Amino acid sequence: MRKASDSYRACVARSTAAEGRRERLLKAADTVQMAGQALREAAADRSLHDLDAKDFTVPEIAGDTFVDWVYGNGMQTVEGRAIRDELMAAAPNERCPLCRQGTVRQLDHFMPKSLFPALCVDPLNLVPVCERCNLIKGNKRPDSAENTVLHPYLDRISHESWLDARTIHDFGTVQLRFFVSPPASWGATLITRAKNHFMHFELGKRYAIEANRVISDITYGVDRQRKRGGASMVRDYLQEQAETRLAVDINSCEGVTYRTLAADDLYCFGPSTRESPSSVVPK
Ligand SMILES: [Zn+2]
């Protein structure tokens, strides 16, 4: 990842000299560098919520003007676009790191640019996200350790299994309820943060919709397998589908959906039959 000062230099490289703009922006370079350092120090000791917005303004340039010049105009230049492209490409498969579901469309200012203008083009502060997550997050800043949104560059939890679900059977239909199932290694603050993040971005609701889609898509195939080989054939199929997806992403919503269905006897046997697999093999 580029340094804050490199990104800033690139974004102001083509700024106009008119009305002393370029000179004023070059004078602000030290402030931007110090702001970037303060951000990294706070990130390292997990105290982003303690940052004081007044330490992230730029002397002699109003915050919104500064953001307009550096982020608004700067990111439209050839140099700025190169930075933007790099940051957008940081999300694997264009998958939004906040919801792990949507497609990356925008850059979110983790510490809002309206309050922390000096961080407006700091790469550590720019997270590629989907439209919906950007809308939900808005201009909110972390106000406590527990309410700090998970940061994809700083909170590397994607290699640990933390997503789980359970089935709900209701009048012959099955639905999934997703929840955070933290690994034993997590501390209390990280557990609360993950749960708050999950609620804040409505992940339970979004994943349940995705699970419904999967269940609907496989209904025909699962029914056929049940008739041919009973519950054990259904379970083998679901487990294989789960393993394939969880091998790529251990917290894949689809993977967890298949895993949860595979573990559910009522689903595997089917709503209308409880026969043993051997008795339902067709002649
Ligand atoms: Zn998202």
# chains A, B, ... in the order shown; residues from 1 in each chain; ligands from 1

$ select_by_dssp --residues "segment 83-120 of chain A" --states "strand (DSSP E or B)" --output "list in words"
Arg95, Thr103, Gln106, Leu107, Asp108 and His109 of chain A

$ residues_around --residues "Ile218 of chain A" --least-positions-apart "2" --cutoff "12 Å" --atoms "only C-alpha atoms" --output "list of chain:residue names"
A:Ala211, A:Asn212, A:Arg213, A:Val214, A:Ile215, A:Ser216, A:Tyr220, A:Gly221, A:Val222, A:Asp223, A:Arg224, A:Gln225, A:Arg226, A:Val234, A:Tyr237, A:Leu238, A:Gln241, A:Glu254, A:Thr257, A:Tyr258, A:Leu261

$ write_last_selection --atoms "N, CA and C atoms" --output "compact mmCIF listing (two decimals), in the first residue's frame"
# COMPACT_ATOMS: atom_id res chain seq x y z
N ALA A 211 -29.37 -17.16 1.23
CA ALA A 211 -29.63 -18.58 1.55
C ALA A 211 -30.94 -19.03 0.93
N ASN A 212 -31.96 -18.18 0.98
CA ASN A 212 -33.26 -18.51 0.36
C ASN A 212 -33.10 -18.78 -1.12
N ARG A 213 -32.27 -17.95 -1.74
CA ARG A 213 -32.03 -18.12 -3.17
C ARG A 213 -31.37 -19.48 -3.45
N VAL A 214 -30.37 -19.82 -2.63
CA VAL A 214 -29.68 -21.11 -2.80
C VAL A 214 -30.69 -22.25 -2.62
N ILE A 215 -31.48 -22.18 -1.55
CA ILE A 215 -32.44 -23.25 -1.25
C ILE A 215 -33.42 -23.41 -2.41
N SER A 216 -33.89 -22.28 -2.91
CA SER A 216 -34.83 -22.33 -4.02
C SER A 216 -34.17 -22.93 -5.27
N TYR A 220 -35.14 -28.55 -6.83
CA TYR A 220 -35.44 -29.58 -7.82
C TYR A 220 -34.38 -30.69 -7.77
N GLY A 221 -33.11 -30.28 -7.78
CA GLY A 221 -32.02 -31.26 -7.78
C GLY A 221 -31.99 -32.08 -6.50
N VAL A 222 -32.23 -31.44 -5.37
CA VAL A 222 -32.21 -32.15 -4.09
C VAL A 222 -33.37 -33.16 -4.02
N ASP A 223 -34.54 -32.78 -4.52
CA ASP A 223 -35.69 -33.70 -4.55
C ASP A 223 -35.35 -34.95 -5.36
N ARG A 224 -34.70 -34.72 -6.49
CA ARG A 224 -34.33 -35.85 -7.35
C ARG A 224 -33.33 -36.78 -6.68
N GLN A 225 -32.36 -36.17 -6.01
CA GLN A 225 -31.35 -36.98 -5.31
C GLN A 225 -31.99 -37.76 -4.17
N ARG A 226 -32.94 -37.14 -3.50
CA ARG A 226 -33.61 -37.78 -2.38
C ARG A 226 -34.36 -39.02 -2.86
N VAL A 234 -28.36 -36.82 -0.53
CA VAL A 234 -28.56 -35.37 -0.38
C VAL A 234 -27.45 -34.78 0.48
N TYR A 237 -24.10 -34.60 -1.27
CA TYR A 237 -24.11 -33.50 -2.24
C TYR A 237 -23.91 -32.15 -1.54
N LEU A 238 -24.68 -31.93 -0.46
CA LEU A 238 -24.60 -30.65 0.25
C LEU A 238 -23.22 -30.45 0.87
N GLN A 241 -20.76 -29.46 -1.84
CA GLN A 241 -20.97 -28.05 -2.22
C GLN A 241 -20.41 -27.11 -1.15
N GLU A 254 -22.77 -18.76 1.05
CA GLU A 254 -23.28 -19.96 0.37
C GLU A 254 -22.71 -21.23 1.00
N THR A 257 -24.42 -21.90 4.13
CA THR A 257 -25.78 -22.37 3.83
C THR A 257 -25.77 -23.87 3.55
N TYR A 258 -24.89 -24.31 2.67
CA TYR A 258 -24.81 -25.74 2.34
C TYR A 258 -24.42 -26.57 3.58
N LEU A 261 -27.42 -26.88 5.92
CA LEU A 261 -28.44 -27.78 5.38
C LEU A 261 -27.97 -29.23 5.49

$ residues_near_ligand --ligand "ligand 1" --cutoff "10 Å" --atoms "only C-alpha atoms and all ligand atoms" --output "MDAnalysis selection string"
chainID A and resid 95:106 128:137 201 203

$ write_last_selection --atoms "N, CA and C atoms" --output "PDB file, in the first residue's frame"
ATOM      1  N   ARG A  95     -15.272  -8.093  -4.445  1.00  0.00           N
ATOM      2  CA  ARG A  95     -16.247  -8.383  -3.395  1.00  0.00           C
ATOM      3  C   ARG A  95     -16.084  -7.362  -2.274  1.00  0.00           C
ATOM      4  N   CYS A  96     -17.189  -6.731  -1.881  1.00  0.00           N
ATOM      5  CA  CYS A  96     -17.143  -5.723  -0.811  1.00  0.00           C
ATOM      6  C   CYS A  96     -16.658  -6.361   0.489  1.00  0.00           C
ATOM      7  N   PRO A  97     -15.596  -5.810   1.105  1.00  0.00           N
ATOM      8  CA  PRO A  97     -15.064  -6.440   2.318  1.00  0.00           C
ATOM      9  C   PRO A  97     -15.939  -6.218   3.557  1.00  0.00           C
ATOM     10  N   LEU A  98     -16.874  -5.272   3.493  1.00  0.00           N
ATOM     11  CA  LEU A  98     -17.713  -5.014   4.677  1.00  0.00           C
ATOM     12  C   LEU A  98     -18.854  -6.012   4.791  1.00  0.00           C
ATOM     13  N   CYS A  99     -19.450  -6.371   3.655  1.00  0.00           N
ATOM     14  CA  CYS A  99     -20.576  -7.318   3.685  1.00  0.00           C
ATOM     15  C   CYS A  99     -20.201  -8.666   3.085  1.00  0.00           C
ATOM     16  N   ARG A 100     -19.058  -8.733   2.374  1.00  0.00           N
ATOM     17  CA  ARG A 100     -18.573  -9.951   1.728  1.00  0.00           C
ATOM     18  C   ARG A 100     -19.562 -10.452   0.673  1.00  0.00           C
ATOM     19  N   GLN A 101     -20.399  -9.562   0.176  1.00  0.00           N
ATOM     20  CA  GLN A 101     -21.461  -9.992  -0.715  1.00  0.00           C
ATOM     21  C   GLN A 101     -21.600  -9.068  -1.930  1.00  0.00           C
ATOM     22  N   GLY A 102     -21.714  -7.757  -1.669  1.00  0.00           N
ATOM     23  CA  GLY A 102     -21.923  -6.803  -2.754  1.00  0.00           C
ATOM     24  C   GLY A 102     -20.681  -6.632  -3.623  1.00  0.00           C
ATOM     25  N   THR A 103     -20.869  -5.977  -4.769  1.00  0.00           N
ATOM     26  CA  THR A 103     -19.755  -5.703  -5.679  1.00  0.00           C
ATOM     27  C   THR A 103     -19.196  -4.313  -5.384  1.00  0.00           C
ATOM     28  N   VAL A 104     -17.874  -4.236  -5.357  1.00  0.00           N
ATOM     29  CA  VAL A 104     -17.212  -2.960  -5.059  1.00  0.00           C
ATOM     30  C   VAL A 104     -17.554  -1.927  -6.121  1.00  0.00           C
ATOM     31  N   ARG A 105     -18.013  -0.766  -5.673  1.00  0.00           N
ATOM     32  CA  ARG A 105     -18.376   0.306  -6.598  1.00  0.00           C
ATOM     33  C   ARG A 105     -17.761   1.646  -6.215  1.00  0.00           C
ATOM     34  N   GLN A 106     -17.464   1.813  -4.908  1.00  0.00           N
ATOM     35  CA  GLN A 106     -17.029   3.130  -4.428  1.00  0.00           C
ATOM     36  C   GLN A 106     -15.902   2.984  -3.416  1.00  0.00           C
ATOM     37  N   PRO A 128     -12.447   0.048  -0.443  1.00  0.00           N
ATOM     38  CA  PRO A 128     -13.373  -0.217  -1.554  1.00  0.00           C
ATOM     39  C   PRO A 128     -14.608  -0.961  -1.034  1.00  0.00           C
ATOM     40  N   VAL A 129     -15.792  -0.421  -1.310  1.00  0.00           N
ATOM     41  CA  VAL A 129     -17.023  -1.012  -0.760  1.00  0.00           C
ATOM     42  C   VAL A 129     -18.138  -1.025  -1.806  1.00  0.00           C
ATOM     43  N   CYS A 130     -19.208  -1.729  -1.486  1.00  0.00           N
ATOM     44  CA  CYS A 130     -20.387  -1.728  -2.356  1.00  0.00           C
ATOM     45  C   CYS A 130     -21.240  -0.494  -2.020  1.00  0.00           C
ATOM     46  N   GLU A 131     -22.147  -0.212  -2.919  1.00  0.00           N
ATOM     47  CA  GLU A 131     -22.979   0.975  -2.775  1.00  0.00           C
ATOM     48  C   GLU A 131     -23.806   0.947  -1.481  1.00  0.00           C
ATOM     49  N   ARG A 132     -24.355  -0.216  -1.212  1.00  0.00           N
ATOM     50  CA  ARG A 132     -25.243  -0.322  -0.053  1.00  0.00           C
ATOM     51  C   ARG A 132     -24.489  -0.112   1.267  1.00  0.00           C
ATOM     52  N   CYS A 133     -23.309  -0.728   1.379  1.00  0.00           N
ATOM     53  CA  CYS A 133     -22.522  -0.549   2.607  1.00  0.00           C
ATOM     54  C   CYS A 133     -22.093   0.908   2.768  1.00  0.00           C
ATOM     55  N   ASN A 134     -21.738   1.537   1.650  1.00  0.00           N
ATOM     56  CA  ASN A 134     -21.333   2.946   1.717  1.00  0.00           C
ATOM     57  C   ASN A 134     -22.486   3.806   2.217  1.00  0.00           C
ATOM     58  N   LEU A 135     -23.677   3.486   1.738  1.00  0.00           N
ATOM     59  CA  LEU A 135     -24.869   4.226   2.140  1.00  0.00           C
ATOM     60  C   LEU A 135     -25.160   4.014   3.625  1.00  0.00           C
ATOM     61  N   ILE A 136     -25.060   2.767   4.071  1.00  0.00           N
ATOM     62  CA  ILE A 136     -25.341   2.462   5.487  1.00  0.00           C
ATOM     63  C   ILE A 136     -24.313   3.139   6.388  1.00  0.00           C
ATOM     64  N   LYS A 137     -23.055   3.068   5.990  1.00  0.00           N
ATOM     65  CA  LYS A 137     -22.011   3.637   6.856  1.00  0.00           C
ATOM     66  C   LYS A 137     -22.084   5.158   6.880  1.00  0.00           C
ATOM     67  N   PHE A 201     -24.603  -3.559   9.349  1.00  0.00           N
ATOM     68  CA  PHE A 201     -24.697  -3.723   7.893  1.00  0.00           C
ATOM     69  C   PHE A 201     -25.785  -4.727   7.488  1.00  0.00           C
ATOM     70  N   LEU A 203     -26.301  -7.818   7.988  1.00  0.00           N
ATOM     71  CA  LEU A 203     -25.789  -9.012   7.320  1.00  0.00           C
ATOM     72  C   LEU A 203     -26.706 -10.216   7.524  1.00  0.00           C
TER      73      LEU A 203
END

$ atom_distance --atom1 "atom CA of Leu25 of chain A" --atom2 "atom CA of Met111 of chain A"
20.7 Å

$ residues_around --residues "segment 67-84 of chain A" --least-positions-apart "2" --cutoff "12 Å" --atoms "only C-alpha atoms" --output "PyMOL selection string"
chain A and resi 1-4+6-16+21-22+24-26+28-29+32+56-58+61-65+86-90+105-109+112-124+126-128

$ residues_around --residues "Arg177 of chain A" --least-positions-apart "4" --cutoff "7 Å" --atoms "only C-alpha atoms" --output "PyMOL selection string"
chain A and resi 165-167+204+208

$ select_by_dssp --residues "segment 29-186 of chain A" --states "helix (DSSP H, G or I)" --output "ChimeraX atom specification"
/A:29-44,48-50,53-56,63-76,78-88,92-94,117-119,123-125,131-137

$ closest_atom_pairs --of "segment 73-179 of chain A" --to "segment 183-197 of chain A" --cutoff "10 Å" --atoms "only C-alpha atoms" --output "JSON lines"
{"residue": "A:Leu98", "atom": "CA", "partner": "A:His197", "partner_atom": "CA", "distance": 8.3}
{"residue": "A:Cys99", "atom": "CA", "partner": "A:His197", "partner_atom": "CA", "distance": 9.1}
{"residue": "A:Ser144", "atom": "CA", "partner": "A:Arg193", "partner_atom": "CA", "distance": 9.7}
{"residue": "A:Ala145", "atom": "CA", "partner": "A:Thr189", "partner_atom": "CA", "distance": 7.1}
{"residue": "A:Glu146", "atom": "CA", "partner": "A:Arg193", "partner_atom": "CA", "distance": 4.7}
{"residue": "A:Asn147", "atom": "CA", "partner": "A:Arg193", "partner_atom": "CA", "distance": 5.9}
{"residue": "A:Thr148", "atom": "CA", "partner": "A:Arg193", "partner_atom": "CA", "distance": 6.4}
{"residue": "A:Val149", "atom": "CA", "partner": "A:His197", "partner_atom": "CA", "distance": 5.6}
{"residue": "A:Leu150", "atom": "CA", "partner": "A:His197", "partner_atom": "CA", "distance": 6.7}
{"residue": "A:Asp155", "atom": "CA", "partner": "A:Leu190", "partner_atom": "CA", "distance": 9.1}
{"residue": "A:Ile157", "atom": "CA", "partner": "A:Trp186", "partner_atom": "CA", "distance": 9.6}
{"residue": "A:Glu160", "atom": "CA", "partner": "A:Pro183", "partner_atom": "CA", "distance": 7.2}
{"residue": "A:Ser161", "atom": "CA", "partner": "A:Pro183", "partner_atom": "CA", "distance": 6.8}
{"residue": "A:Trp162", "atom": "CA", "partner": "A:Pro183", "partner_atom": "CA", "distance": 6.2}
{"residue": "A:Leu163", "atom": "CA", "partner": "A:Pro183", "partner_atom": "CA", "distance": 9.6}
{"residue": "A:Phe179", "atom": "CA", "partner": "A:Lys195", "partner_atom": "CA", "distance": 8.1}

$ atom_distance --atom1 "atom CA of Ala247 of chain A" --atom2 "atom CA of His159 of chain A"
10.6 Å

$ closest_residue --among "A:Thr173, A:Gly36, A:Gly138, A:Val256" --to "Gly270 of chain A" --atoms "only C-alpha atoms"
A:Thr173
